[in-house]
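Raw protein.pdb, PDB, C-alpha atoms:
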ATOM      1  CA  MET A  19     -11.816  -7.903  -5.526  1.00  0.00           C
ATOM      2  CA  LYS A  20     -10.972  -6.098  -8.738  1.00  0.00           C
ATOM      3  CA  VAL A  21      -7.435  -5.631 -10.081  1.00  0.00           C
ATOM      4  CA  VAL A  22      -6.422  -3.089 -12.726  1.00  0.00           C
ATOM      5  CA  ARG A  23      -2.883  -3.267 -14.107  1.00  0.00           C
ATOM      6  CA  ILE A  24      -1.270  -0.108 -15.470  1.00  0.00           C
ATOM      7  CA  PRO A  25       2.260  -0.514 -16.892  1.00  0.00           C
ATOM      8  CA  ALA A  26       3.717   2.793 -15.727  1.00  0.00           C
ATOM      9  CA  GLY A  27       6.770   4.842 -16.548  1.00  0.00           C
ATOM     10  CA  ILE A  28       9.443   4.266 -19.166  1.00  0.00           C
ATOM     11  CA  TYR A  29      10.391   0.966 -17.507  1.00  0.00           C
ATOM     12  CA  ALA A  30       6.784  -0.302 -17.645  1.00  0.00           C
ATOM     13  CA  ALA A  31       6.644  -1.271 -13.995  1.00  0.00           C
ATOM     14  CA  ASN A  32       3.259  -2.736 -13.177  1.00  0.00           C
ATOM     15  CA  CYS A  33       1.161  -0.381 -11.084  1.00  0.00           C
ATOM     16  CA  TYR A  34      -1.909  -2.109  -9.662  1.00  0.00           C
ATOM     17  CA  LEU A  35      -5.184  -0.620  -8.511  1.00  0.00           C
ATOM     18  CA  VAL A  36      -6.760  -3.172  -6.187  1.00  0.00           C
ATOM     19  CA  TYR A  37     -10.199  -2.376  -4.848  1.00  0.00           C
ATOM     20  CA  SER A  38     -13.322  -3.679  -3.193  1.00  0.00           C
ATOM     21  CA  GLU A  39     -16.369  -3.817  -5.434  1.00  0.00           C
ATOM     22  CA  SER A  40     -18.617  -3.244  -2.434  1.00  0.00           C
ATOM     23  CA  ASN A  41     -17.543   0.321  -1.639  1.00  0.00           C
ATOM     24  CA  LYS A  42     -14.737   1.204  -4.099  1.00  0.00           C
ATOM     25  CA  GLU A  43     -12.113   1.480  -1.354  1.00  0.00           C
ATOM     26  CA  GLY A  44      -8.745   0.491  -2.748  1.00  0.00           C
ATOM     27  CA  ILE A  45      -4.979   0.564  -2.663  1.00  0.00           C
ATOM     28  CA  ILE A  46      -2.337   1.467  -5.210  1.00  0.00           C
ATOM     29  CA  ILE A  47       0.688  -0.800  -5.513  1.00  0.00           C
ATOM     30  CA  ASP A  48       3.896   0.626  -7.041  1.00  0.00           C
ATOM     31  CA  PRO A  49       2.966   3.802  -8.938  1.00  0.00           C
ATOM     32  CA  GLY A  50       6.172   3.918 -10.956  1.00  0.00           C
ATOM     33  CA  GLY A  51       5.352   6.839 -13.229  1.00  0.00           C
ATOM     34  CA  ASP A  52       2.617   8.174 -15.539  1.00  0.00           C
ATOM     35  CA  ALA A  53       0.813   9.615 -12.527  1.00  0.00           C
ATOM     36  CA  ASP A  54      -1.712  11.423 -14.748  1.00  0.00           C
ATOM     37  CA  ASP A  55      -2.819   8.131 -16.308  1.00  0.00           C
ATOM     38  CA  ILE A  56      -3.128   6.480 -12.910  1.00  0.00           C
ATOM     39  CA  ILE A  57      -5.130   9.397 -11.496  1.00  0.00           C
ATOM     40  CA  ALA A  58      -7.395   9.349 -14.555  1.00  0.00           C
ATOM     41  CA  GLU A  59      -8.158   5.678 -13.927  1.00  0.00           C
ATOM     42  CA  ILE A  60      -8.830   6.348 -10.237  1.00  0.00           C
ATOM     43  CA  LYS A  61     -11.324   9.039 -11.276  1.00  0.00           C
ATOM     44  CA  ASN A  62     -12.864   6.834 -13.954  1.00  0.00           C
ATOM     45  CA  LEU A  63     -13.472   4.011 -11.481  1.00  0.00           C
ATOM     46  CA  GLY A  64     -14.557   6.326  -8.673  1.00  0.00           C
ATOM     47  CA  LEU A  65     -12.065   4.838  -6.224  1.00  0.00           C
ATOM     48  CA  ASP A  66     -11.351   5.916  -2.663  1.00  0.00           C
ATOM     49  CA  ILE A  67      -7.644   5.135  -2.304  1.00  0.00           C
ATOM     50  CA  LYS A  68      -6.690   4.294   1.281  1.00  0.00           C
ATOM     51  CA  TYR A  69      -3.020   3.326   0.915  1.00  0.00           C
ATOM     52  CA  ILE A  70      -0.090   3.511  -1.490  1.00  0.00           C
ATOM     53  CA  ILE A  71       1.935   0.339  -0.910  1.00  0.00           C
ATOM     54  CA  LEU A  72       5.419  -0.087  -2.352  1.00  0.00           C
ATOM     55  CA  THR A  73       6.834  -3.568  -2.913  1.00  0.00           C
ATOM     56  CA  HIS A  74      10.342  -2.094  -2.745  1.00  0.00           C
ATOM     57  CA  GLY A  75      12.167   1.196  -3.034  1.00  0.00           C
ATOM     58  CA  HIS A  76      13.664   1.249  -6.538  1.00  0.00           C
ATOM     59  CA  GLY A  77      13.076   4.321  -8.695  1.00  0.00           C
ATOM     60  CA  ASP A  78      11.063   2.583 -11.398  1.00  0.00           C
ATOM     61  CA  HIS A  79       8.430   1.631  -8.808  1.00  0.00           C
ATOM     62  CA  ILE A  80       8.181   4.933  -6.940  1.00  0.00           C
ATOM     63  CA  ALA A  81       8.438   7.712  -9.549  1.00  0.00           C
ATOM     64  CA  GLY A  82       4.714   8.506  -9.479  1.00  0.00           C
ATOM     65  CA  VAL A  83       4.253   8.394  -5.718  1.00  0.00           C
ATOM     66  CA  ARG A  84       4.477  12.107  -4.982  1.00  0.00           C
ATOM     67  CA  GLU A  85       1.744  13.119  -7.431  1.00  0.00           C
ATOM     68  CA  ILE A  86      -0.485  10.195  -6.466  1.00  0.00           C
ATOM     69  CA  LYS A  87      -0.136  11.049  -2.782  1.00  0.00           C
ATOM     70  CA  GLU A  88      -0.977  14.687  -3.443  1.00  0.00           C
ATOM     71  CA  TYR A  89      -4.156  13.647  -5.253  1.00  0.00           C
ATOM     72  CA  THR A  90      -5.333  10.873  -2.924  1.00  0.00           C
ATOM     73  CA  ASN A  91      -3.856  11.998   0.416  1.00  0.00           C
ATOM     74  CA  ALA A  92      -3.207   8.297   1.029  1.00  0.00           C
ATOM     75  CA  PRO A  93      -0.302   7.273   3.285  1.00  0.00           C
ATOM     76  CA  VAL A  94       2.750   5.679   1.677  1.00  0.00           C
ATOM     77  CA  ALA A  95       3.800   2.293   3.093  1.00  0.00           C
ATOM     78  CA  ILE A  96       7.068   0.416   2.563  1.00  0.00           C
ATOM     79  CA  HIS A  97       8.927  -2.286   4.461  1.00  0.00           C
ATOM     80  CA  LYS A  98      11.180  -0.877   7.165  1.00  0.00           C
ATOM     81  CA  ASP A  99      14.298  -2.378   5.563  1.00  0.00           C
ATOM     82  CA  ASP A 100      13.737  -0.355   2.373  1.00  0.00           C
ATOM     83  CA  GLU A 101      12.962   2.953   4.084  1.00  0.00           C
ATOM     84  CA  HIS A 102      16.476   4.202   3.355  1.00  0.00           C
ATOM     85  CA  LEU A 103      16.032   3.598  -0.374  1.00  0.00           C
ATOM     86  CA  LEU A 104      13.084   5.982  -0.556  1.00  0.00           C
ATOM     87  CA  LYS A 105      15.106   8.809   0.934  1.00  0.00           C
ATOM     88  CA  ASN A 106      18.130   8.644  -1.359  1.00  0.00           C
ATOM     89  CA  GLY A 107      18.011   8.973  -5.140  1.00  0.00           C
ATOM     90  CA  LYS A 108      21.419   7.361  -5.510  1.00  0.00           C
ATOM     91  CA  ASP A 109      20.477   4.346  -3.399  1.00  0.00           C
ATOM     92  CA  ASN A 110      17.109   3.838  -5.122  1.00  0.00           C
ATOM     93  CA  LEU A 111      18.798   4.179  -8.535  1.00  0.00           C
ATOM     94  CA  SER A 112      16.435   6.938  -9.719  1.00  0.00           C
ATOM     95  CA  SER A 113      19.363   9.343 -10.045  1.00  0.00           C
ATOM     96  CA  ILE A 114      20.706   7.243 -12.929  1.00  0.00           C
ATOM     97  CA  MET A 115      17.271   6.608 -14.465  1.00  0.00           C
ATOM     98  CA  ALA A 116      15.516   8.810 -16.993  1.00  0.00           C
ATOM     99  CA  MET A 117      13.091  10.319 -14.467  1.00  0.00           C
ATOM    100  CA  GLY A 118      15.875  11.806 -12.345  1.00  0.00           C
ATOM    101  CA  ALA A 119      16.288  11.622  -8.591  1.00  0.00           C
ATOM    102  CA  VAL A 120      13.162  10.669  -6.625  1.00  0.00           C
ATOM    103  CA  GLU A 121      13.360  11.075  -2.863  1.00  0.00           C
ATOM    104  CA  LEU A 122      10.414  10.477  -0.520  1.00  0.00           C
ATOM    105  CA  THR A 123       9.517   9.815   3.087  1.00  0.00           C
ATOM    106  CA  ALA A 124       7.263   6.891   4.012  1.00  0.00           C
ATOM    107  CA  ASP A 125       4.256   7.328   6.300  1.00  0.00           C
ATOM    108  CA  ILE A 126       4.026   3.669   7.340  1.00  0.00           C
ATOM    109  CA  LEU A 127       6.876   1.206   7.872  1.00  0.00           C
ATOM    110  CA  LEU A 128       5.792  -2.376   7.311  1.00  0.00           C
ATOM    111  CA  ASP A 129       6.986  -5.639   8.782  1.00  0.00           C
ATOM    112  CA  ASP A 130       6.463  -9.300   7.907  1.00  0.00           C
ATOM    113  CA  GLU A 131       2.864 -10.494   8.412  1.00  0.00           C
ATOM    114  CA  ASP A 132       1.454  -7.005   8.921  1.00  0.00           C
ATOM    115  CA  GLU A 133      -2.109  -6.676   7.654  1.00  0.00           C
ATOM    116  CA  ILE A 134      -3.760  -3.744   5.928  1.00  0.00           C
ATOM    117  CA  SER A 135      -7.540  -3.626   5.508  1.00  0.00           C
ATOM    118  CA  PHE A 136      -9.551  -1.661   2.951  1.00  0.00           C
ATOM    119  CA  GLY A 137     -13.150  -2.153   1.918  1.00  0.00           C
ATOM    120  CA  ASN A 138     -13.945  -5.786   2.651  1.00  0.00           C
ATOM    121  CA  LEU A 139     -10.420  -6.887   1.725  1.00  0.00           C
ATOM    122  CA  ASN A 140      -7.336  -7.704   3.749  1.00  0.00           C
ATOM    123  CA  ALA A 141      -3.761  -7.406   2.470  1.00  0.00           C
ATOM    124  CA  LYS A 142      -1.142  -9.548   4.201  1.00  0.00           C
ATOM    125  CA  ILE A 143       2.457  -8.348   3.946  1.00  0.00           C
ATOM    126  CA  LEU A 144       5.056 -11.031   3.186  1.00  0.00           C
ATOM    127  CA  HIS A 145       8.682  -9.976   3.651  1.00  0.00           C
ATOM    128  CA  THR A 146      10.406 -11.377   0.542  1.00  0.00           C
ATOM    129  CA  PRO A 147      13.960  -9.978   0.470  1.00  0.00           C
ATOM    130  CA  GLY A 148      16.483 -10.709  -2.246  1.00  0.00           C
ATOM    131  CA  HIS A 149      15.891  -8.069  -4.906  1.00  0.00           C
ATOM    132  CA  THR A 150      16.163  -5.513  -2.113  1.00  0.00           C
ATOM    133  CA  PRO A 151      16.519  -6.073   1.647  1.00  0.00           C
ATOM    134  CA  GLY A 152      12.997  -4.817   2.302  1.00  0.00           C
ATOM    135  CA  GLY A 153      11.219  -6.310  -0.684  1.00  0.00           C
ATOM    136  CA  ILE A 154       7.674  -7.469   0.022  1.00  0.00           C
ATOM    137  CA  SER A 155       4.928  -9.443  -1.626  1.00  0.00           C
ATOM    138  CA  ILE A 156       1.288  -8.686  -0.873  1.00  0.00           C
ATOM    139  CA  LYS A 157      -1.271 -11.485  -0.458  1.00  0.00           C
ATOM    140  CA  ILE A 158      -4.898 -10.512  -1.072  1.00  0.00           C
ATOM    141  CA  GLU A 159      -7.525 -13.233  -1.432  1.00  0.00           C
ATOM    142  CA  ASN A 160      -6.323 -15.684  -4.100  1.00  0.00           C
ATOM    143  CA  SER A 161      -3.628 -13.360  -5.444  1.00  0.00           C
ATOM    144  CA  ILE A 162      -0.061 -12.378  -4.611  1.00  0.00           C
ATOM    145  CA  PHE A 163       1.537  -9.165  -5.842  1.00  0.00           C
ATOM    146  CA  THR A 164       5.209 -10.106  -5.965  1.00  0.00           C
ATOM    147  CA  GLY A 165       6.942  -6.882  -7.026  1.00  0.00           C
ATOM    148  CA  ASP A 166      10.377  -7.660  -8.436  1.00  0.00           C
ATOM    149  CA  THR A 167      10.747 -10.884  -6.453  1.00  0.00           C
ATOM    150  CA  LEU A 168       8.989 -13.304  -8.815  1.00  0.00           C
ATOM    151  CA  PHE A 169       8.122 -12.798 -12.479  1.00  0.00           C
ATOM    152  CA  ALA A 170       6.381 -15.036 -14.973  1.00  0.00           C
ATOM    153  CA  GLY A 171       9.231 -17.371 -15.938  1.00  0.00           C
ATOM    154  CA  SER A 172      11.925 -15.470 -14.079  1.00  0.00           C
ATOM    155  CA  ILE A 173      13.011 -13.808 -10.837  1.00  0.00           C
ATOM    156  CA  GLY A 174      14.188 -10.351  -9.863  1.00  0.00           C
ATOM    157  CA  ARG A 175      17.741  -9.158 -10.306  1.00  0.00           C
ATOM    158  CA  THR A 176      20.026  -9.633  -7.336  1.00  0.00           C
ATOM    159  CA  ASP A 177      23.100  -7.760  -8.577  1.00  0.00           C
ATOM    160  CA  PHE A 178      22.091  -4.380  -7.154  1.00  0.00           C
ATOM    161  CA  GLU A 179      23.464  -3.265  -3.793  1.00  0.00           C
ATOM    162  CA  GLY A 180      21.632  -5.149  -1.041  1.00  0.00           C
ATOM    163  CA  GLY A 181      20.523  -7.922  -3.389  1.00  0.00           C
ATOM    164  CA  SER A 182      20.999 -11.621  -2.650  1.00  0.00           C
ATOM    165  CA  PHE A 183      20.338 -14.585  -4.927  1.00  0.00           C
ATOM    166  CA  GLU A 184      20.145 -16.929  -1.942  1.00  0.00           C
ATOM    167  CA  ASP A 185      17.638 -14.664  -0.203  1.00  0.00           C
ATOM    168  CA  ILE A 186      15.385 -14.256  -3.238  1.00  0.00           C
ATOM    169  CA  ILE A 187      15.204 -18.006  -3.860  1.00  0.00           C
ATOM    170  CA  ASN A 188      14.440 -18.612  -0.183  1.00  0.00           C
ATOM    171  CA  SER A 189      11.782 -15.907  -0.266  1.00  0.00           C
ATOM    172  CA  ILE A 190      10.068 -17.410  -3.287  1.00  0.00           C
ATOM    173  CA  LYS A 191      10.187 -20.994  -2.086  1.00  0.00           C
ATOM    174  CA  ASN A 192       9.304 -20.339   1.563  1.00  0.00           C
ATOM    175  CA  LYS A 193       6.950 -17.362   1.335  1.00  0.00           C
ATOM    176  CA  ILE A 194       5.266 -17.525  -2.084  1.00  0.00           C
ATOM    177  CA  LEU A 195       5.230 -21.093  -3.387  1.00  0.00           C
ATOM    178  CA  GLU A 196       3.635 -22.312  -0.141  1.00  0.00           C
ATOM    179  CA  TYR A 197       0.262 -20.974  -1.319  1.00  0.00           C
ATOM    180  CA  PRO A 198      -2.233 -23.041  -3.374  1.00  0.00           C
ATOM    181  CA  GLU A 199      -1.237 -23.708  -6.965  1.00  0.00           C
ATOM    182  CA  ASP A 200      -4.182 -21.751  -8.373  1.00  0.00           C
ATOM    183  CA  THR A 201      -3.003 -18.565  -6.623  1.00  0.00           C
ATOM    184  CA  VAL A 202      -2.569 -15.779  -9.183  1.00  0.00           C
ATOM    185  CA  VAL A 203       0.848 -14.086  -9.306  1.00  0.00           C
ATOM    186  CA  TYR A 204       0.878 -10.403 -10.244  1.00  0.00           C
ATOM    187  CA  PRO A 205       4.537  -9.394 -10.738  1.00  0.00           C
ATOM    188  CA  GLY A 206       6.242  -6.025 -10.868  1.00  0.00           C
ATOM    189  CA  HIS A 207       6.909  -6.309 -14.603  1.00  0.00           C
ATOM    190  CA  GLY A 208       5.305  -8.370 -17.346  1.00  0.00           C
ATOM    191  CA  PRO A 209       2.267 -10.652 -17.423  1.00  0.00           C
ATOM    192  CA  SER A 210       0.547 -12.444 -14.569  1.00  0.00           C
ATOM    193  CA  SER A 211       1.002 -16.142 -13.829  1.00  0.00           C
ATOM    194  CA  THR A 212       0.048 -18.748 -11.234  1.00  0.00           C
ATOM    195  CA  ILE A 213       1.938 -20.599  -8.538  1.00  0.00           C
ATOM    196  CA  LYS A 214       1.468 -23.849 -10.457  1.00  0.00           C
ATOM    197  CA  THR A 215       2.838 -22.407 -13.696  1.00  0.00           C
ATOM    198  CA  GLU A 216       5.915 -21.060 -11.954  1.00  0.00           C
ATOM    199  CA  LYS A 217       6.574 -24.336 -10.150  1.00  0.00           C
ATOM    200  CA  VAL A 218       6.439 -26.213 -13.461  1.00  0.00           C
ATOM    201  CA  THR A 219       8.047 -23.802 -15.916  1.00  0.00           C
ATOM    202  CA  ASN A 220      10.228 -21.246 -14.092  1.00  0.00           C
ATOM    203  CA  PRO A 221      13.843 -22.349 -14.697  1.00  0.00           C
ATOM    204  CA  PHE A 222      15.011 -20.743 -11.431  1.00  0.00           C
ATOM    205  CA  LEU A 223      12.589 -22.817  -9.339  1.00  0.00           C
ATOM    206  CA  ARG A 224      12.791 -26.300 -10.820  1.00  0.00           C
TER     207      ARG A 224
END
Structure encoded using structure tokens:
Amino acid sequence: MKVVRIPAGIYAANCYLVYSESNKEGIIIDPGGDADDIIAEIKNLGLDIKYIILTHGHGDHIAGVREIKEYTNAPVAIHKDDEHLLKNGKDNLSSIMAMGAVELTADILLDDEDEISFGNLNAKILHTPGHTPGGISIKIENSIFTGDTLFAGSIGRTDFEGGSFEDIINSIKNKILEYPEDTVVYPGHGPSSTIKTEKVTNPFLR
């Protein structure tokens, strides 16, 4: 498995290209803007993108979806509890962000423990609500892509509509920290980490 991180859009949300080295089939996680840069990297790597997977429906993680979908023809997947966010620029906060209102329709509605295969890889969907009701993390091999649920040294905001501090802590402790300590954490903003590092140093989890 290869992972390419592209901080995208004016809010530098981490967009990830995750692909199989064997046949270059891959997925895109959270194309939050700068679609031209993301497409250029897809071309450069020669990737065959099978899915666009969104960890949640906020504007800073979805602003590049339309252009990426037009280029790749890949279906857009989001957890069923965040479907409504995609469809409404006010609800997904894009209407008050610099990019302006972004409104989309998902092709695939995900649920907890769904699995998505591409190349020789398998992505397991973990429902991790708290930042949004339909927030997910994505487990692939020895890595978890945590969106805005867990960051290096911090956690996602819970003060937006539909957020819950209790839910996000439960999600992290019961769905993410249960994996081996050497599991790599790829968050929605900022640098990567590991389960062990977050257990030891994250002030929200001690």
Name the residues captured by the PyMOL selection byres ((chain A and resi 169-186) around 7) when it is applied to the shown file; answer as a ChimeraX atom specification. /A:146-151,166-168,187-190,205,207,209-211,216,219-222
Name all residues at most 8 Å from Gly51 (chain A) (count all atoms listed in the file; drop same-chain ones fewer than 5 positions away) and give them as a count of residues only. 9
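With CA of Glu199 (chain A) on one side and CA of Leu128 (chain A) on the other, the separation reads 26.6 Å.
In this model, the gap between CA of Ala30 (chain A) and CA of Ile143 (chain A) comes to 23.4 Å.
Once the PyMOL selection byres ((chain A and resi 106) around 10) is applied to the depicted file, the selected set reads Gly75, Gly77, Glu101, His102, Leu103, Leu104, Lys105, Gly107, Lys108, Asp109, Asn110, Leu111, Ser112, Ser113, Ala119, Val120, Glu121, Leu122 and Thr123 of chain A.
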For the residues in the current selection, export C-alpha atoms as a CSV table (one decimal), keeping the file's coordinate frame.
chain,number,residue,atom,x,y,z
A,75,GLY,CA,12.2,1.2,-3.0
A,77,GLY,CA,13.1,4.3,-8.7
A,101,GLU,CA,13.0,3.0,4.1
A,102,HIS,CA,16.5,4.2,3.4
A,103,LEU,CA,16.0,3.6,-0.4
A,104,LEU,CA,13.1,6.0,-0.6
A,105,LYS,CA,15.1,8.8,0.9
A,107,GLY,CA,18.0,9.0,-5.1
A,108,LYS,CA,21.4,7.4,-5.5
A,109,ASP,CA,20.5,4.3,-3.4
A,110,ASN,CA,17.1,3.8,-5.1
A,111,LEU,CA,18.8,4.2,-8.5
A,112,SER,CA,16.4,6.9,-9.7
A,113,SER,CA,19.4,9.3,-10.0
A,119,ALA,CA,16.3,11.6,-8.6
A,120,VAL,CA,13.2,10.7,-6.6
A,121,GLU,CA,13.4,11.1,-2.9
A,122,LEU,CA,10.4,10.5,-0.5
A,123,THR,CA,9.5,9.8,3.1
Taking 5 positions as the minimum chain separation for residues in the same chain, which residues sit within 10 Å of region 39-48 of chain A when counting all atoms listed in the file? Answer as number ranges by chain. A: 19-24, 26, 31-34, 56, 60, 63-76, 78-83, 86, 92, 94-95, 134-139, 141, 156, 163, 165, 206
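For the set A:Lys157, A:Tyr29, A:Leu223, A:Asp129, the residue with the smallest atom-to-atom gap to Tyr204 (chain A) is A:Lys157, counting all atoms listed in the file.
Interatomic distance, CA of Tyr197 (chain A) to CA of Asp99 (chain A): 24.3 Å.
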Can you pull out the residues contacting Glu85 (chain A)? Cut-off 10 Å, using all atoms listed in the file, and skip same-chain residues under 6 positions away; I want them as a VMD selection string. chain A and resid 49 51 to 54 56 to 57 91
I want to know what sits within 8 Å of Ser161 (chain A), based on only C-alpha atoms, with residues of the same chain fewer than 5 positions away left out; could you give that as a ChimeraX atom specification? /A:201-204
